[in-house]
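Below is protein_5.tsv, holding TSV, C-alpha atoms.
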```
chain	number	residue	atom	x	y	z
A	1	MET	CA	-39.91	0.97	26.01
A	2	ASN	CA	-40.90	-0.22	29.47
A	3	LEU	CA	-44.59	0.48	30.08
A	4	GLY	CA	-44.81	-1.39	33.37
A	5	ASN	CA	-47.69	-0.47	35.70
A	6	LYS	CA	-49.28	1.77	33.08
A	7	THR	CA	-52.83	1.15	31.88
A	8	ALA	CA	-53.63	1.38	28.17
A	9	ILE	CA	-57.05	1.59	26.56
A	10	VAL	CA	-56.95	0.22	23.02
A	11	THR	CA	-60.24	0.49	21.19
A	12	GLY	CA	-61.15	-2.18	18.66
A	13	GLY	CA	-58.59	-4.71	19.86
A	14	SER	CA	-60.31	-7.95	18.93
A	15	ARG	CA	-58.37	-8.57	15.72
A	16	GLY	CA	-55.95	-7.24	13.14
A	17	ILE	CA	-54.07	-4.06	13.93
A	18	GLY	CA	-55.89	-3.56	17.21
A	19	ARG	CA	-54.94	-6.99	18.51
A	20	ALA	CA	-51.32	-6.49	17.45
A	21	ILE	CA	-51.24	-3.17	19.34
A	22	CYS	CA	-52.64	-4.77	22.49
A	23	ILE	CA	-50.02	-7.50	22.38
A	24	ALA	CA	-47.16	-5.09	21.65
A	25	LEU	CA	-48.07	-2.92	24.64
A	26	ALA	CA	-48.58	-5.94	26.89
A	27	LYS	CA	-45.10	-7.18	25.96
A	28	GLU	CA	-43.76	-3.90	27.34
A	29	GLY	CA	-45.67	-4.37	30.60
A	30	ALA	CA	-48.81	-2.28	30.07
A	31	ASN	CA	-52.14	-3.41	31.47
A	32	ILE	CA	-54.61	-3.65	28.61
A	33	VAL	CA	-58.25	-2.60	28.45
A	34	THR	CA	-59.73	-3.17	25.03
A	35	CYS	CA	-63.24	-2.81	23.71
A	36	TYR	CA	-65.29	-4.37	20.97
A	37	ALA	CA	-68.65	-3.64	19.40
A	38	LYS	CA	-69.12	-7.22	18.21
A	39	GLY	CA	-67.13	-10.43	18.51
A	40	ALA	CA	-66.69	-11.12	22.22
A	41	ALA	CA	-64.88	-14.40	21.59
A	42	ALA	CA	-62.20	-12.75	19.46
A	43	ALA	CA	-61.74	-9.99	22.05
A	44	GLU	CA	-61.28	-12.57	24.79
A	45	GLU	CA	-58.62	-14.24	22.66
A	46	THR	CA	-56.76	-10.94	22.61
A	47	VAL	CA	-57.10	-10.70	26.39
A	48	ALA	CA	-55.68	-14.21	26.83
A	49	MET	CA	-52.71	-13.37	24.58
A	50	CYS	CA	-51.97	-10.24	26.60
A	51	LYS	CA	-52.17	-12.04	29.93
A	52	GLU	CA	-49.39	-14.37	28.79
A	53	TYR	CA	-47.05	-11.45	29.44
A	54	GLY	CA	-48.08	-11.22	33.09
A	55	VAL	CA	-50.21	-8.09	32.79
A	56	GLN	CA	-53.83	-7.43	33.63
A	57	ALA	CA	-56.14	-7.43	30.63
A	58	VAL	CA	-59.87	-7.12	30.10
A	59	ALA	CA	-62.27	-6.71	27.17
A	60	ILE	CA	-65.32	-4.49	27.50
A	61	GLN	CA	-68.22	-4.39	25.08
A	62	ALA	CA	-68.51	-0.78	23.99
A	63	ASP	CA	-69.47	1.04	20.82
A	64	VAL	CA	-67.19	4.07	20.74
A	65	ALA	CA	-69.83	5.98	18.77
A	66	VAL	CA	-72.01	5.99	21.90
A	67	LYS	CA	-70.85	8.44	24.59
A	68	GLU	CA	-72.32	6.48	27.49
A	69	GLU	CA	-70.52	3.32	26.42
A	70	VAL	CA	-67.22	5.19	26.17
A	71	ASP	CA	-67.78	6.56	29.67
A	72	ASN	CA	-68.33	3.01	30.92
A	73	LEU	CA	-65.20	1.82	29.14
A	74	PHE	CA	-63.09	4.37	30.99
A	75	ALA	CA	-64.81	3.62	34.29
A	76	GLU	CA	-63.91	-0.06	33.92
A	77	ALA	CA	-60.34	0.82	33.01
A	78	LEU	CA	-59.98	2.93	36.14
A	79	LYS	CA	-60.78	-0.10	38.28
A	80	ILE	CA	-57.46	-1.69	37.29
A	81	THR	CA	-54.91	0.89	38.52
A	82	GLY	CA	-56.98	3.97	39.17
A	83	THR	CA	-55.81	5.87	36.11
A	84	VAL	CA	-55.26	5.64	32.36
A	85	GLU	CA	-51.90	6.71	31.00
A	86	ILE	CA	-52.28	5.50	27.40
A	87	LEU	CA	-55.09	5.74	24.86
A	88	VAL	CA	-54.94	4.19	21.42
A	89	ASN	CA	-57.89	5.10	19.21
A	90	ASN	CA	-57.98	2.17	16.82
A	91	ALA	CA	-61.66	1.25	16.40
A	92	GLY	CA	-62.89	1.95	12.91
A	93	ILE	CA	-65.26	0.78	10.21
A	94	THR	CA	-65.67	1.14	6.45
A	95	ARG	CA	-68.78	1.54	4.33
A	96	ASP	CA	-67.30	1.99	0.88
A	97	GLY	CA	-69.08	3.32	-2.17
A	98	LEU	CA	-68.89	6.04	-4.79
A	99	VAL	CA	-70.10	9.38	-3.47
A	100	MET	CA	-72.99	9.60	-5.93
A	101	ARG	CA	-74.41	6.37	-4.52
A	102	MET	CA	-73.36	6.69	-0.88
A	103	SER	CA	-76.28	6.73	1.52
A	104	ASP	CA	-76.59	9.11	4.45
A	105	GLU	CA	-76.46	6.10	6.76
A	106	ASP	CA	-73.18	4.80	5.34
A	107	PHE	CA	-71.59	8.23	5.59
A	108	ASN	CA	-72.85	8.88	9.11
A	109	GLN	CA	-71.91	5.46	10.50
A	110	VAL	CA	-68.30	5.85	9.44
A	111	ILE	CA	-68.06	9.40	10.79
A	112	ASP	CA	-69.76	8.39	14.05
A	113	THR	CA	-67.40	5.50	14.74
A	114	ASN	CA	-64.11	6.70	13.31
A	115	LEU	CA	-64.28	10.41	14.11
A	116	ARG	CA	-66.88	10.98	16.79
A	117	GLY	CA	-65.74	7.84	18.63
A	118	ALA	CA	-62.15	9.06	18.68
A	119	PHE	CA	-63.37	12.42	20.01
A	120	TYR	CA	-65.31	10.80	22.86
A	121	CYS	CA	-62.24	8.80	23.86
A	122	MET	CA	-59.87	11.76	23.53
A	123	ARG	CA	-62.11	13.89	25.73
A	124	ALA	CA	-62.41	11.25	28.43
A	125	ALA	CA	-58.68	10.53	28.41
A	126	SER	CA	-57.62	14.17	28.42
A	127	LYS	CA	-59.43	14.81	31.71
A	128	LEU	CA	-57.53	12.01	33.42
A	129	MET	CA	-54.18	12.73	31.83
A	130	MET	CA	-54.22	16.46	32.49
A	131	LYS	CA	-54.91	15.77	36.15
A	132	LYS	CA	-52.05	13.27	36.29
A	133	ARG	CA	-49.82	15.53	34.17
A	134	TYR	CA	-48.83	12.59	32.05
A	135	GLY	CA	-50.34	10.78	29.11
A	136	ARG	CA	-49.91	9.34	25.65
A	137	ILE	CA	-52.65	9.45	23.01
A	138	VAL	CA	-52.19	7.75	19.65
A	139	THR	CA	-54.93	7.67	17.02
A	140	ILE	CA	-54.87	5.35	14.04
A	141	SER	CA	-55.47	7.34	10.88
A	142	SER	CA	-54.79	5.99	7.38
A	143	VAL	CA	-52.89	6.71	4.21
A	144	VAL	CA	-56.39	7.30	2.79
A	145	GLY	CA	-56.81	10.23	5.16
A	146	VAL	CA	-53.70	11.81	3.64
A	147	MET	CA	-54.01	10.87	-0.04
A	148	GLY	CA	-57.73	10.22	-0.47
A	149	ASN	CA	-59.16	7.18	-2.25
A	150	ALA	CA	-61.96	6.70	-4.74
A	151	GLY	CA	-64.98	5.06	-3.15
A	152	GLN	CA	-64.02	6.09	0.37
A	153	VAL	CA	-65.19	9.68	0.79
A	154	ASN	CA	-66.59	8.87	4.24
A	155	TYR	CA	-63.55	6.93	5.42
A	156	ALA	CA	-61.08	9.49	4.05
A	157	ALA	CA	-62.98	12.30	5.78
A	158	SER	CA	-62.93	10.48	9.11
A	159	LYS	CA	-59.24	9.62	8.90
A	160	ALA	CA	-58.27	13.13	7.81
A	161	GLY	CA	-60.40	14.45	10.64
A	162	VAL	CA	-58.54	12.52	13.33
A	163	ILE	CA	-55.28	14.04	12.09
A	164	GLY	CA	-56.70	17.51	12.64
A	165	MET	CA	-57.99	16.53	16.07
A	166	THR	CA	-54.61	15.05	16.97
A	167	LYS	CA	-52.72	18.22	16.10
A	168	SER	CA	-55.20	20.38	18.01
A	169	LEU	CA	-55.06	18.05	21.01
A	170	ALA	CA	-51.26	18.18	21.02
A	171	LYS	CA	-51.39	21.96	21.33
A	172	GLU	CA	-54.01	21.85	24.08
A	173	LEU	CA	-52.34	19.21	26.26
A	174	GLY	CA	-48.63	19.70	25.66
A	175	SER	CA	-48.06	21.88	28.71
A	176	ARG	CA	-49.41	19.06	30.90
A	177	ASN	CA	-46.87	16.52	29.57
A	178	VAL	CA	-49.48	14.77	27.43
A	179	THR	CA	-48.51	13.91	23.86
A	180	ALA	CA	-50.89	13.25	20.98
A	181	ASN	CA	-49.81	11.63	17.74
A	182	ALA	CA	-51.33	9.74	14.83
A	183	VAL	CA	-50.19	6.69	12.92
A	184	ALA	CA	-51.24	6.41	9.27
A	185	PRO	CA	-51.03	2.82	8.03
A	186	GLY	CA	-50.95	1.98	4.36
A	187	PHE	CA	-51.95	-1.40	2.93
A	188	ILE	CA	-51.71	-3.79	5.88
A	189	THR	CA	-52.36	-7.54	5.78
A	190	THR	CA	-55.56	-8.10	7.77
A	191	ASP	CA	-58.73	-10.20	7.52
A	192	MET	CA	-60.13	-7.53	5.20
A	193	THR	CA	-57.24	-7.62	2.75
A	194	ASP	CA	-56.90	-11.42	2.96
A	195	ALA	CA	-60.32	-11.67	1.32
A	196	LEU	CA	-59.14	-9.75	-1.76
A	197	PRO	CA	-58.24	-11.63	-4.95
A	198	GLU	CA	-54.52	-12.29	-5.40
A	199	ALA	CA	-54.44	-10.13	-8.53
A	200	VAL	CA	-55.77	-7.18	-6.56
A	201	LYS	CA	-53.22	-7.66	-3.80
A	202	GLU	CA	-50.41	-7.88	-6.35
A	203	GLN	CA	-51.54	-4.62	-7.91
A	204	MET	CA	-51.69	-2.96	-4.50
A	205	ALA	CA	-48.14	-4.10	-3.77
A	206	LYS	CA	-46.91	-2.56	-7.01
A	207	GLU	CA	-48.06	0.86	-5.77
A	208	ILE	CA	-45.85	0.60	-2.67
A	209	PRO	CA	-42.17	1.61	-2.92
A	210	LEU	CA	-41.19	-1.28	-0.64
A	211	ALA	CA	-43.18	-3.56	-2.99
A	212	ARG	CA	-45.02	-5.43	-0.25
A	213	MET	CA	-47.92	-5.05	2.10
A	214	GLY	CA	-47.28	-4.33	5.75
A	215	GLN	CA	-48.08	-6.46	8.77
A	216	PRO	CA	-50.19	-5.46	11.80
A	217	GLU	CA	-47.04	-5.69	13.89
A	218	ASP	CA	-45.45	-2.92	11.80
A	219	VAL	CA	-48.17	-0.57	12.98
A	220	ALA	CA	-48.12	-1.91	16.53
A	221	ASN	CA	-44.37	-1.30	16.86
A	222	ALA	CA	-44.84	2.33	15.81
A	223	VAL	CA	-47.58	2.77	18.40
A	224	ALA	CA	-45.46	1.15	21.12
A	225	PHE	CA	-42.69	3.64	20.40
A	226	LEU	CA	-44.99	6.67	20.43
A	227	VAL	CA	-46.52	5.78	23.81
A	228	SER	CA	-43.12	5.15	25.38
A	229	ASP	CA	-40.93	7.66	27.17
A	230	GLN	CA	-38.48	7.36	24.27
A	231	ALA	CA	-40.97	9.47	22.31
A	232	SER	CA	-41.58	12.01	25.06
A	233	TYR	CA	-40.54	14.94	22.83
A	234	ILE	CA	-42.72	13.92	19.89
A	235	THR	CA	-46.23	15.32	19.66
A	236	GLY	CA	-48.66	16.50	17.01
A	237	GLN	CA	-47.08	14.24	14.40
A	238	VAL	CA	-48.38	11.76	11.82
A	239	LEU	CA	-46.16	8.71	11.51
A	240	HIS	CA	-46.67	7.00	8.17
A	241	VAL	CA	-46.38	3.22	8.27
A	242	ASP	CA	-47.08	2.64	4.61
A	243	GLY	CA	-43.96	1.37	2.88
A	244	GLY	CA	-43.46	4.77	1.30
A	245	MET	CA	-46.88	5.20	-0.32
A	246	ALA	CA	-47.49	8.76	0.88
A	247	MET	CA	-44.13	10.26	-0.08
```
Spell out the structure here as structure tokens.
Amino acid sequence: MNLGNKTAIVTGGSRGIGRAICIALAKEGANIVTCYAKGAAAAEETVAMCKEYGVQAVAIQADVAVKEEVDNLFAEALKITGTVEILVNNAGITRDGLVMRMSDEDFNQVIDTNLRGAFYCMRAASKLMMKKRYGRIVTISSVVGVMGNAGQVNYAASKAGVIGMTKSLAKELGSRNVTANAVAPGFITTDMTDALPEAVKEQMAKEIPLARMGQPEDVANAVAFLVSDQASYITGQVLHVDGGMAM
């Protein structure tokens, strides 16, 4: 899965799944441009980890929900090698709550970041990749976008939405040798899940056929495969990394 001399934009790479993706792609030789809305120190830690593999890496402050900041992110990425061959839409937020109590703000913030942000990045990347006649776009969805989940109407809508965008993008860009796929993680061990009570985590594990939660690296390895030339004939697909939850 040699990605040498390719430049990858990975949104939301300061921690968790995003950081694992950055490192996995750097291991394969890709230059890494990541962005963060908050947490510059954590993003710089990701950059330092990537540079250990001899690649170029940089972190840019950018809120993917803001078009102008996405445009700046891509402009900075172009300064590295002059093009962007890989885009991983990973940035996402949650604002959980039952629908009857969910505020307009909580709904809109999740849609703006998770769905609109992915759209802005897809649009910017597609222009570059169609011109180059090569590209790999992977968007992180969720098992929640496939199965739904109580208390996450906004999040489920955003993650289902990126699946629809991915399939449409695959049809639009396929003739230009650009693939578009989605990865749908299940319950993954991250800072968010670490804060849950042990009893809750045990119950979550019981719902998974493999009887354990996944690791960020499980998702990152799937992404690394999909952006490689080994996956050049795979497009418009949703790869479930969920221990069998969505069967």
Where does stretch 88-202 of chain A meet stretch 1-22 of chain A within 8 Å, residue by residue, with the nearest atom pair and distance in Å to one decimal for each, counting all atoms listed in the file, listed by chain and rising number, as a Markdown table?
```
| residue | atom | partner | partner_atom | distance |
| --- | --- | --- | --- | --- |
| A:Val88 | CA | A:Val10 | CA | 4.7 |
| A:Asn89 | CA | A:Thr11 | CA | 5.5 |
| A:Asn90 | CA | A:Thr11 | CA | 5.2 |
| A:Ala91 | CA | A:Gly12 | CA | 4.1 |
| A:Gly92 | CA | A:Gly12 | CA | 7.3 |
| A:Thr190 | CA | A:Gly16 | CA | 5.5 |
| A:Asp191 | CA | A:Gly16 | CA | 6.9 |
```
Could you list as a ChimeraX atom specification every residue that has an atom within 12 Å of (-61.6, 12.7, 22.7), using the file's coordinates and counting only C-alpha atoms? /A:64-65,67,70-71,74,87-89,114-129,137-139,162,165-166,168-170,172-173,180
Could you check the closest approach to A:Ala59 for each of A:Cys35, A:Val84, A:Val143, A:Val223 and tell me which residue wins, using only C-alpha atoms? A:Cys35
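Among the candidates A:Met247, A:Leu196, A:Val227, A:Ala182, the residue lying nearest to A:Pro209 is A:Met247 (atoms considered: all atoms listed in the file).
Closest to A:Gly214 among A:Asp96, A:Asp242, A:Glu68, A:Glu52 is A:Asp242, based on all atoms listed in the file.
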Top pick for closest residue to A:Arg176, considering A:Ile32, A:Ala24, A:Gln61, A:Arg136 and counting only C-alpha atoms: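 Selected residue with least distance to A:Arg176: A:Arg136.
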A straight line from atom CA of A:Ser141 to atom CA of A:Val238 spans 8.4 Å
To one decimal in Å, tell me the separation between atom CA of A:Ala199 and atom CA of A:Asp106. 27.7 Å
As a ChimeraX atom specification, please: the residues near A:Lys171 (cut-off 10 Å, only C-alpha atoms, same-chain neighbours under 4 positions excluded). /A:166-167,175,178-180,235-236
Selection near A:Asn108, 12 Å with all atoms listed in the file, sequence-local residues under 2 positions removed, as a PyMOL selection string: chain A and resi 65+93-95+102-106+110-117+153-155+157-158
Output for the residues just chosen: C-alpha atoms as a short mmCIF file (atom, residue, chain, number, x, y, z; two decimals), in the coordinates of the input:
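Produced file result-v4.cif, reproduced below:
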```cif
data_model
loop_
_atom_site.label_atom_id
_atom_site.label_comp_id
_atom_site.auth_asym_id
_atom_site.auth_seq_id
_atom_site.Cartn_x
_atom_site.Cartn_y
_atom_site.Cartn_z
CA ALA A 65 -69.83 5.98 18.77
CA ILE A 93 -65.26 0.78 10.21
CA THR A 94 -65.67 1.14 6.45
CA ARG A 95 -68.78 1.54 4.33
CA MET A 102 -73.36 6.69 -0.88
CA SER A 103 -76.28 6.73 1.52
CA ASP A 104 -76.59 9.11 4.45
CA GLU A 105 -76.46 6.10 6.76
CA ASP A 106 -73.18 4.80 5.34
CA VAL A 110 -68.30 5.85 9.44
CA ILE A 111 -68.06 9.40 10.79
CA ASP A 112 -69.76 8.39 14.05
CA THR A 113 -67.40 5.50 14.74
CA ASN A 114 -64.11 6.70 13.31
CA LEU A 115 -64.28 10.41 14.11
CA ARG A 116 -66.88 10.98 16.79
CA GLY A 117 -65.74 7.84 18.63
CA VAL A 153 -65.19 9.68 0.79
CA ASN A 154 -66.59 8.87 4.24
CA TYR A 155 -63.55 6.93 5.42
CA ALA A 157 -62.98 12.30 5.78
CA SER A 158 -62.93 10.48 9.11
#
```
